[in-house]
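File shown here: start21.txt, holding compact mmCIF, C-alpha atoms.
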```txt
# COMPACT_ATOMS: atom_id res chain seq x y z
CA MET A 39 -18.44 -15.50 47.47
CA ILE A 40 -18.56 -12.32 45.39
CA ASN A 41 -16.02 -10.56 47.58
CA LYS A 42 -13.82 -13.61 48.06
CA PHE A 43 -13.45 -14.46 44.38
CA GLY A 44 -13.15 -10.82 43.32
CA GLU A 45 -10.64 -10.05 46.07
CA ILE A 46 -8.51 -13.03 45.15
CA LEU A 47 -8.55 -12.22 41.45
CA LEU A 48 -7.60 -8.65 42.31
CA LYS A 49 -4.88 -9.69 44.73
CA ILE A 50 -3.24 -12.44 42.69
CA GLY A 51 -3.79 -11.29 39.13
CA TYR A 52 -3.23 -7.54 39.59
CA ILE A 53 -0.69 -5.62 37.50
CA SER A 54 0.24 -1.96 37.97
CA PRO A 55 0.43 0.29 34.94
CA THR A 56 4.00 1.14 33.97
CA THR A 57 4.99 4.76 34.33
CA ASP A 58 5.21 5.37 30.62
CA LEU A 59 1.90 3.71 29.70
CA ARG A 60 -0.05 6.82 30.71
CA SER A 61 2.38 8.99 28.73
CA ARG A 62 2.06 6.77 25.66
CA ILE A 63 -1.73 6.92 25.82
CA LEU A 64 -1.74 10.71 26.14
CA LEU A 65 0.84 11.01 23.38
CA ASN A 66 -1.34 8.90 21.06
CA VAL A 67 -4.31 11.11 21.86
CA ALA A 68 -2.22 14.25 21.31
CA GLU A 69 -1.12 12.95 17.91
CA ALA A 70 -4.68 12.06 16.94
CA SER A 71 -5.77 15.48 18.15
CA SER A 72 -3.16 17.25 15.99
CA LYS A 73 -4.22 15.21 12.96
CA ARG A 74 -7.85 16.10 13.60
CA ARG A 75 -6.95 19.79 13.96
CA PHE A 76 -4.92 19.68 10.73
CA TRP A 77 -7.89 18.25 8.80
CA HIS A 78 -10.25 20.76 10.41
CA VAL A 79 -8.01 23.64 9.34
CA LEU A 80 -7.46 22.23 5.84
CA VAL A 81 -11.08 21.36 5.07
CA GLY A 82 -12.37 24.46 6.89
CA SER A 83 -10.11 26.89 5.03
CA VAL A 84 -10.71 25.38 1.57
CA MET A 85 -14.46 25.24 2.08
CA SER A 86 -14.77 28.72 3.59
CA VAL A 87 -12.71 30.33 0.82
CA ALA A 88 -14.69 28.43 -1.85
CA SER A 89 -18.06 29.29 -0.35
CA LEU A 90 -17.05 32.91 0.28
CA VAL A 91 -15.94 33.26 -3.35
CA ALA A 92 -19.28 31.78 -4.43
CA VAL A 93 -21.41 34.01 -2.20
CA ALA A 94 -20.69 37.34 -3.99
CA PRO A 95 -21.61 36.29 -7.58
CA LEU A 96 -24.56 34.28 -6.30
CA PHE A 97 -25.81 37.31 -4.41
CA VAL A 98 -25.55 39.46 -7.56
CA TYR A 99 -27.27 36.70 -9.56
CA THR A 100 -30.11 36.50 -7.04
CA ILE A 101 -30.68 40.28 -7.10
CA GLY A 102 -30.72 40.10 -10.93
CA GLU A 103 -33.28 37.29 -10.75
CA PHE A 104 -35.54 39.44 -8.58
CA TYR A 105 -35.57 42.07 -11.36
CA ARG A 106 -35.80 39.61 -14.26
CA SER A 107 -38.73 37.68 -12.77
CA GLY A 108 -40.71 40.89 -12.27
CA PHE A 109 -40.79 40.57 -8.51
CA VAL A 110 -39.47 44.12 -8.00
CA SER A 111 -42.05 45.51 -10.42
CA PHE A 112 -44.86 43.71 -8.60
CA ILE A 113 -43.66 45.05 -5.24
CA SER A 114 -43.30 48.61 -6.54
CA LEU A 115 -46.92 48.36 -7.71
CA ILE A 116 -48.02 48.46 -4.05
CA PHE A 117 -46.57 51.96 -3.69
CA THR A 118 -47.54 53.33 -7.11
CA ASP A 119 -50.97 51.80 -7.64
CA SER A 120 -52.21 50.33 -4.39
CA GLY A 121 -55.89 50.62 -5.47
CA VAL A 122 -55.40 48.12 -8.32
CA VAL A 123 -53.43 45.83 -5.99
CA MET A 124 -56.18 45.84 -3.39
CA SER A 125 -58.97 45.25 -5.89
CA ASN A 126 -57.18 42.29 -7.46
CA PHE A 127 -55.39 41.09 -4.38
CA ASN A 128 -55.70 37.33 -5.02
CA GLU A 129 -54.26 37.55 -8.53
CA TYR A 130 -51.62 39.98 -7.27
CA ALA A 131 -50.52 37.67 -4.45
CA LEU A 132 -50.30 34.71 -6.84
CA SER A 133 -48.21 36.75 -9.29
CA VAL A 134 -45.83 37.87 -6.53
CA MET A 135 -45.45 34.27 -5.33
CA ASP A 136 -44.87 33.12 -8.88
CA SER A 137 -42.14 35.67 -9.43
CA VAL A 138 -40.08 34.84 -6.35
CA PRO A 139 -36.74 33.36 -7.59
CA PHE A 140 -36.75 30.40 -5.20
CA TRP A 141 -33.89 28.58 -6.92
CA ALA A 142 -31.54 31.57 -6.74
CA ILE A 143 -32.48 32.23 -3.11
CA THR A 144 -31.89 28.56 -2.23
CA ILE A 145 -28.41 28.35 -3.73
CA THR A 146 -27.36 31.70 -2.23
CA LEU A 147 -28.56 30.74 1.25
CA THR A 148 -26.92 27.31 0.88
CA SER A 149 -23.57 28.89 0.06
CA ILE A 150 -23.90 31.26 3.05
CA LEU A 151 -24.74 28.28 5.29
CA LEU A 152 -21.77 26.36 3.87
CA PHE A 153 -19.53 29.33 4.63
CA LEU A 154 -20.76 29.53 8.23
CA ILE A 155 -20.28 25.78 8.78
CA SER A 156 -16.79 25.74 7.28
CA ALA A 157 -15.82 28.87 9.22
CA ARG A 158 -16.90 27.14 12.43
CA TYR A 159 -14.88 24.09 11.38
CA LEU A 160 -11.86 26.30 10.76
CA ILE A 161 -12.23 28.14 14.06
CA THR A 162 -12.47 24.79 15.91
CA GLY A 163 -9.22 23.73 14.25
CA ILE A 164 -7.27 26.85 15.15
CA SER A 165 -8.95 27.62 18.47
CA ASN A 166 -6.81 28.50 21.45
CA LYS A 167 -7.64 25.26 23.24
CA ARG A 168 -4.64 23.63 21.65
CA SER A 169 -3.64 20.22 22.90
CA ARG A 170 -2.13 20.62 26.34
CA LEU A 171 -1.71 16.90 26.79
CA ILE A 172 2.03 17.08 26.23
CA ILE A 173 2.32 19.51 29.13
CA SER A 174 0.36 17.21 31.40
CA LEU A 175 2.41 14.11 30.54
CA MET B 297 -21.22 11.82 41.99
CA VAL B 298 -18.34 10.09 40.27
CA GLU B 299 -20.48 9.61 37.18
CA ASN B 300 -21.31 13.34 37.15
CA ASN B 301 -17.61 14.14 37.21
CA ASP B 302 -17.10 11.81 34.26
CA ILE B 303 -19.78 13.64 32.32
CA GLU B 304 -18.25 17.02 33.17
CA ILE B 305 -14.83 15.84 31.99
CA ILE B 306 -16.33 14.36 28.81
CA ASN B 307 -18.06 17.67 28.07
CA LEU B 308 -14.75 19.51 28.50
CA CYS B 309 -13.11 17.08 26.04
CA ILE B 310 -15.95 17.46 23.54
CA ASN B 311 -15.56 21.23 23.74
CA GLY B 312 -11.93 20.90 22.64
CA ASP B 313 -10.10 20.74 25.97
CA ASP B 314 -7.93 17.68 25.34
CA SER B 315 -6.07 18.11 28.62
CA ALA B 316 -9.24 17.06 30.47
CA PHE B 317 -8.87 13.63 28.92
CA SER B 318 -5.88 12.89 31.16
CA SER B 319 -8.31 12.82 34.13
CA ILE B 320 -10.24 10.00 32.46
CA VAL B 321 -6.97 8.13 31.81
CA ASP B 322 -5.87 8.60 35.44
CA ARG B 323 -9.20 7.37 36.73
CA TYR B 324 -9.58 4.25 34.61
CA LEU B 325 -6.08 3.27 33.44
CA SER B 326 -5.43 0.65 36.08
CA ALA B 327 -8.91 -0.90 35.84
CA VAL B 328 -8.83 -1.14 32.04
CA LEU B 329 -5.29 -2.52 32.02
CA ASN B 330 -6.17 -5.25 34.51
CA PHE B 331 -9.45 -6.07 32.78
CA THR B 332 -7.69 -6.57 29.43
CA TYR B 333 -4.76 -8.35 31.08
CA ARG B 334 -7.05 -10.95 32.65
CA LEU B 335 -8.76 -11.53 29.32
CA CYS B 336 -5.67 -11.83 27.13
CA GLY B 337 -3.13 -13.06 29.69
CA SER B 338 -0.20 -11.04 28.38
CA ARG B 339 1.03 -7.78 29.87
CA GLU B 340 2.45 -6.57 26.58
CA ASP B 341 -0.82 -7.17 24.73
CA ALA B 342 -2.83 -5.71 27.61
CA GLU B 343 -0.81 -2.46 27.42
CA GLU B 344 -1.29 -2.29 23.66
CA ILE B 345 -5.03 -2.94 24.00
CA THR B 346 -5.30 -0.35 26.77
CA GLN B 347 -3.64 2.29 24.58
CA GLU B 348 -5.96 1.44 21.72
CA THR B 349 -8.99 1.48 24.02
CA PHE B 350 -8.29 5.00 25.32
CA LEU B 351 -7.61 6.25 21.80
CA LYS B 352 -10.96 4.82 20.65
CA VAL B 353 -12.65 6.40 23.67
CA TRP B 354 -11.18 9.81 22.79
CA LYS B 355 -12.16 9.49 19.11
CA ASN B 356 -15.72 8.42 19.93
CA LEU B 357 -16.50 10.68 22.90
CA ARG B 358 -19.11 12.55 20.85
CA LYS B 359 -20.95 9.28 20.24
CA PHE B 360 -21.22 8.53 23.97
CA LYS B 361 -24.82 8.96 25.15
CA GLN B 362 -24.60 10.93 28.36
CA THR B 363 -27.69 9.26 29.78
CA GLU B 364 -25.74 6.00 29.88
CA ASN B 365 -23.07 4.81 32.28
CA PHE B 366 -19.58 5.86 31.15
CA LYS B 367 -17.86 2.92 32.85
CA THR B 368 -20.10 0.44 31.00
CA TRP B 369 -19.31 2.18 27.68
CA LEU B 370 -15.59 2.19 28.42
CA TYR B 371 -15.57 -1.51 29.29
CA THR B 372 -17.53 -2.31 26.13
CA ILE B 373 -14.78 -0.66 24.07
CA ALA B 374 -12.05 -2.40 26.09
CA ARG B 375 -13.76 -5.77 25.73
CA ASN B 376 -14.32 -5.40 21.96
CA THR B 377 -10.74 -4.24 21.42
CA THR B 378 -9.47 -7.26 23.37
CA ILE B 379 -11.65 -9.68 21.40
CA ASP B 380 -10.42 -8.13 18.12
CA LYS B 381 -6.84 -8.54 19.26
CA LEU B 382 -7.39 -12.16 20.33
CA ARG B 383 -9.12 -12.92 17.03
CA LYS B 384 -6.12 -11.54 15.15
CA ARG B 385 -3.97 -13.81 17.26
CA LYS B 386 -6.51 -16.61 16.55
CA ASP B 387 -6.39 -17.24 20.23
CA VAL B 388 -9.97 -16.91 21.38
CA LEU B 389 -11.07 -19.86 23.41
CA PHE B 390 -14.71 -20.13 22.46
CA SER B 391 -16.19 -23.49 23.22
CA ALA B 392 -17.14 -25.55 20.17
CA PHE B 393 -20.38 -26.40 21.94
CA ASP B 394 -21.48 -22.79 22.46
CA SER B 395 -24.43 -21.57 20.47
CA ASP B 396 -25.08 -17.98 19.37
CA ASP B 397 -27.57 -17.38 22.16
CA GLY B 398 -25.02 -18.33 24.77
CA GLY B 399 -26.34 -21.84 25.24
CA ASN B 400 -24.03 -24.79 25.57
CA PHE B 401 -25.21 -28.17 24.42
CA LEU B 402 -22.66 -30.09 26.45
CA GLU B 403 -22.92 -28.29 29.75
CA ASP B 404 -26.69 -28.14 29.72
CA THR B 405 -26.55 -31.89 30.25
CA LEU B 406 -24.56 -31.46 33.44
CA PRO B 407 -26.32 -31.64 36.82
CA ASP B 408 -27.10 -28.22 38.27
CA ASN B 409 -24.55 -28.31 41.06
CA GLU B 410 -24.15 -25.50 43.54
CA PRO B 411 -21.22 -23.58 42.12
CA LEU B 412 -18.00 -22.72 43.99
CA PRO B 413 -18.70 -22.59 47.71
CA ASP B 414 -17.02 -19.90 49.80
CA LYS B 415 -14.87 -22.41 51.66
CA ILE B 416 -12.83 -23.06 48.51
CA PHE B 417 -11.23 -19.66 48.95
CA GLU B 418 -10.41 -20.13 52.61
CA LYS B 419 -7.12 -21.82 51.75
CA GLU B 420 -4.62 -19.60 49.91
CA GLU B 421 -3.42 -22.62 47.92
CA ASN B 422 -6.94 -23.34 46.64
CA ALA B 423 -7.47 -19.67 45.85
CA ARG B 424 -4.32 -19.55 43.74
CA MET B 425 -5.39 -22.73 41.99
CA VAL B 426 -8.81 -21.26 41.14
CA VAL B 427 -7.15 -18.12 39.76
CA GLY B 428 -4.89 -20.33 37.65
CA MET B 429 -7.92 -22.19 36.36
CA PHE B 430 -9.70 -18.90 35.70
CA GLU B 431 -6.91 -18.01 33.28
CA ASN B 432 -7.60 -21.21 31.34
CA LEU B 433 -11.31 -20.54 30.95
CA PRO B 434 -12.74 -19.49 27.57
CA VAL B 435 -12.86 -15.69 27.13
CA ILE B 436 -16.67 -15.60 27.22
CA TYR B 437 -16.60 -17.02 30.75
CA LYS B 438 -13.62 -14.99 31.92
CA GLU B 439 -15.23 -11.70 30.93
CA VAL B 440 -18.48 -12.49 32.75
CA LEU B 441 -16.71 -13.60 35.93
CA GLN B 442 -14.38 -10.66 35.90
CA LEU B 443 -17.05 -8.04 35.33
CA TYR B 444 -19.25 -9.61 38.00
CA TYR B 445 -16.73 -10.37 40.73
CA VAL B 446 -13.89 -7.92 40.19
CA GLU B 447 -15.67 -4.91 38.72
CA GLU B 448 -18.77 -5.74 40.78
CA MET B 449 -21.10 -4.85 37.94
CA THR B 450 -24.71 -5.95 37.82
CA LEU B 451 -25.88 -8.58 35.35
CA VAL B 452 -27.78 -5.85 33.49
CA GLU B 453 -24.60 -3.78 33.08
CA ILE B 454 -22.67 -6.86 31.97
CA SER B 455 -25.35 -7.72 29.43
CA LYS B 456 -24.95 -4.22 27.94
CA ILE B 457 -21.18 -4.59 27.70
CA LEU B 458 -21.39 -8.04 26.12
CA ASN B 459 -24.39 -7.08 23.99
CA LYS B 460 -26.28 -10.16 25.17
CA SER B 461 -29.52 -10.71 27.06
CA VAL B 462 -29.48 -10.81 30.85
CA ASP B 463 -30.61 -14.45 30.76
CA THR B 464 -27.67 -15.36 28.51
CA VAL B 465 -25.27 -13.63 30.88
CA LYS B 466 -26.86 -15.43 33.83
CA SER B 467 -26.42 -18.81 32.16
CA GLN B 468 -22.84 -18.00 31.09
CA HIS B 469 -22.08 -17.03 34.67
CA ARG B 470 -23.55 -20.28 35.93
CA ARG B 471 -21.64 -22.33 33.34
CA ALA B 472 -18.40 -20.56 34.13
CA LEU B 473 -18.72 -21.47 37.79
CA ILE B 474 -19.67 -25.06 36.95
CA GLN B 475 -16.63 -25.33 34.69
CA LEU B 476 -14.36 -23.94 37.42
CA ARG B 477 -15.85 -26.44 39.85
CA LYS B 478 -15.30 -29.31 37.43
CA MET B 479 -11.69 -28.25 36.90
CA LEU B 480 -11.22 -28.09 40.64
CA GLU B 481 -12.70 -31.57 41.14
CA MET B 482 -10.48 -33.00 38.41
CA ARG B 483 -7.43 -31.36 40.02
CA ASN B 484 -8.33 -32.78 43.43
CA LYS B 485 -8.75 -36.35 42.12
```

Just dump the structure as structure tokens.
Amino acid sequence: MINKFGEILLKIGYISPTTDLRSRILLNVAEASSKRRFWHVLVGSVMSVASLVAVAPLFVYTIGEFYRSGFVSFISLIFTDSGVVMSNFNEYALSVMDSVPFWAITITLTSILLFLISARYLITGISNKRSRLIISL
Amino acid sequence: MVENNDIEIINLCINGDDSAFSSIVDRYLSAVLNFTYRLCGSREDAEEITQETFLKVWKNLRKFKQTENFKTWLYTIARNTTIDKLRKRKDVLFSAFDSDDGGNFLEDTLPDNEPLPDKIFEKEENARMVVGMFENLPVIYKEVLQLYYVEEMTLVEISKILNKSVDTVKSQHRRALIQLRKMLEMRNK
């Protein structure tokens, strides 16, 4: 029964794809692929430039925050007066932790991450594996 | 083996090699075209739906779970695209007696006859008649019969494509055959 009904449906109701149907499908995909690449390049380039421009001042700001918060002074204390550091280690460790500029570090690392992601996006858009669908039509 | 090749091709596409997609088109074009053609009954629409189906497949390749069967996923997209198209045409033949769970108030009252015996297909004339009747069935029955008999999928695979329980698919399959049988009896009277 399974074979009979299936065979008959296949035999009587079968249509062959026209020669240009395959081409039209691949052309649609090629067009969608170009659009996707265009958006990848556009979004990738804007975001990477913006994040790259932001990284330099944020880096300078973060270094400044390390000095302003006293973190550098606390660290230099290890080399200049290690005896005091060792005798009051708990208080010292808490002070060092307290002086870490977490906010500045977070935004700097975020901008670096954003740059890496957008660069990857951009590279995907302009990679050498360009659509070769047209060739295979 | 075939499924592994599908996965390899899909991975190539995901990694940016669009030319690999033509292998998927070559492999499934005819099957998808005929599947959609039998559901919508128009070659022109079937070609349009097939184009749309492959475009959706390409756009959503990253969403395809590689632990699943690619053919089932592809047919799900083809089926949904066809239903959308038929809805736009306001042409979907859903029975007014069908419930959401696939039940049918009217046909549940029918006696549980043995559906379509093999001998029906022995005569070419009868076979053609059954195919003609198949085209007049509601879409929900046509898709079950086609996936089961033509694509030779299991009820579990069909249930995934139709997003229904296996029991619902079983009862739809049974009802489809009963309806075909009824149509055949009426024709023979």

Extract, using all atoms listed in the file, all DNA, RNA and protein residues at most 12 Å from B:Arg385, discarding same-chain residues fewer than 5 positions from it, and format them as a list of chain:residue names.
B:Cys336, B:Asp341, B:Thr378, B:Ile379, B:Asp380

With C-alpha atoms retained, could you export that selection as an mmCIF file, in the frame of the given file?
```cif
data_model
loop_
_atom_site.group_PDB
_atom_site.id
_atom_site.type_symbol
_atom_site.label_atom_id
_atom_site.label_comp_id
_atom_site.auth_asym_id
_atom_site.auth_seq_id
_atom_site.Cartn_x
_atom_site.Cartn_y
_atom_site.Cartn_z
ATOM 1 C CA CYS B 336 -5.670 -11.830 27.130
ATOM 2 C CA ASP B 341 -0.820 -7.170 24.730
ATOM 3 C CA THR B 378 -9.470 -7.260 23.370
ATOM 4 C CA ILE B 379 -11.650 -9.680 21.400
ATOM 5 C CA ASP B 380 -10.420 -8.130 18.120
#
```

Just want the 6 Å neighbourhood of stretch 344-356 of chain B, counted on only C-alpha atoms, with same-chain residues fewer than 5 positions away dropped. Output as a PDB file with C-alpha atoms, in the frame of the given file.
```pdb
ATOM      1  CA  ILE A  63      -1.730   6.920  25.820  1.00  0.00           C
ATOM      2  CA  VAL A  67      -4.310  11.110  21.860  1.00  0.00           C
TER       3      VAL A  67
ATOM      4  CA  LEU B 329      -5.290  -2.520  32.020  1.00  0.00           C
ATOM      5  CA  ALA B 374     -12.050  -2.400  26.090  1.00  0.00           C
TER       6      ALA B 374
END
```

Tell me, as a PyMOL selection string, which residues lie within 8 Å of A:Leu96, counting all atoms listed in the file; anything in the same chain fewer than 6 positions away does not count.
chain A and resi 142+145-146

Do a neighbour search on A:Ser89 at 6 Å with all atoms listed in the file, toss out local chain neighbours closer than 3 positions, and write the hits as a PyMOL selection string.
chain A and resi 85-86+92+149+153

Would you mind exporting C-alpha atoms of the selected residues as an mmCIF file, keeping the file's coordinate frame?
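The file below, part.cif, is the result:
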```
data_model
loop_
_atom_site.group_PDB
_atom_site.id
_atom_site.type_symbol
_atom_site.label_atom_id
_atom_site.label_comp_id
_atom_site.auth_asym_id
_atom_site.auth_seq_id
_atom_site.Cartn_x
_atom_site.Cartn_y
_atom_site.Cartn_z
ATOM 1 C CA MET A 85 -14.460 25.240 2.080
ATOM 2 C CA SER A 86 -14.770 28.720 3.590
ATOM 3 C CA ALA A 92 -19.280 31.780 -4.430
ATOM 4 C CA SER A 149 -23.570 28.890 0.060
ATOM 5 C CA PHE A 153 -19.530 29.330 4.630
#
```

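Taking atom CA of A:Phe104 and atom CA of A:Ser156 as the two end points, the separation is 28.1 Å.
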
Atom pair atom CA of A:Leu80 + atom CA of A:Leu160, distance 7.8 Å

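Among the candidates B:Val462, B:Val328, B:Lys384, B:Arg334, the residue lying nearest to B:Pro434 is B:Arg334 (atoms considered: all atoms listed in the file).
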
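Note that the spacing between atom CA of B:Leu433 and atom CA of A:Thr56 amounts to 26.7 Å.
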
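Using all atoms listed in the file, the nearest neighbour of B:Thr450 within the list B:Thr368, B:Ser326, B:Ser338, B:Asn311 is B:Thr368.
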
Go ahead and find all residues with at least one atom no further than 12 Å from (-17.9, -14.9, 31.1) in the file's coordinates, using all atoms listed in the file; report them as a VMD selection string.
chain B and resid 334 to 335 375 389 to 391 398 430 to 431 433 to 445 451 454 to 455 457 to 458 460 464 to 476

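For the set A:Leu147, A:Ile113, A:Ala131, A:Ile161, the residue with the smallest atom-to-atom gap to chain B is A:Ile161, counting only C-alpha atoms.
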
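Remark: for A:Leu132, the closest of the candidate residues A:Phe112, A:Arg158, A:Ile164, A:Leu65 is A:Phe112 (distances computed over only C-alpha atoms).
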
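Minimum atom-to-atom distance to chain B, evaluated using only C-alpha atoms, belongs to A:Tyr52 out of A:Tyr52, A:Trp77, A:Tyr105, A:Phe140.
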
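Nearest to chain A of all the residues B:Lys359, B:Arg323, B:Arg383, B:Arg424 is B:Arg424, based on all atoms listed in the file.
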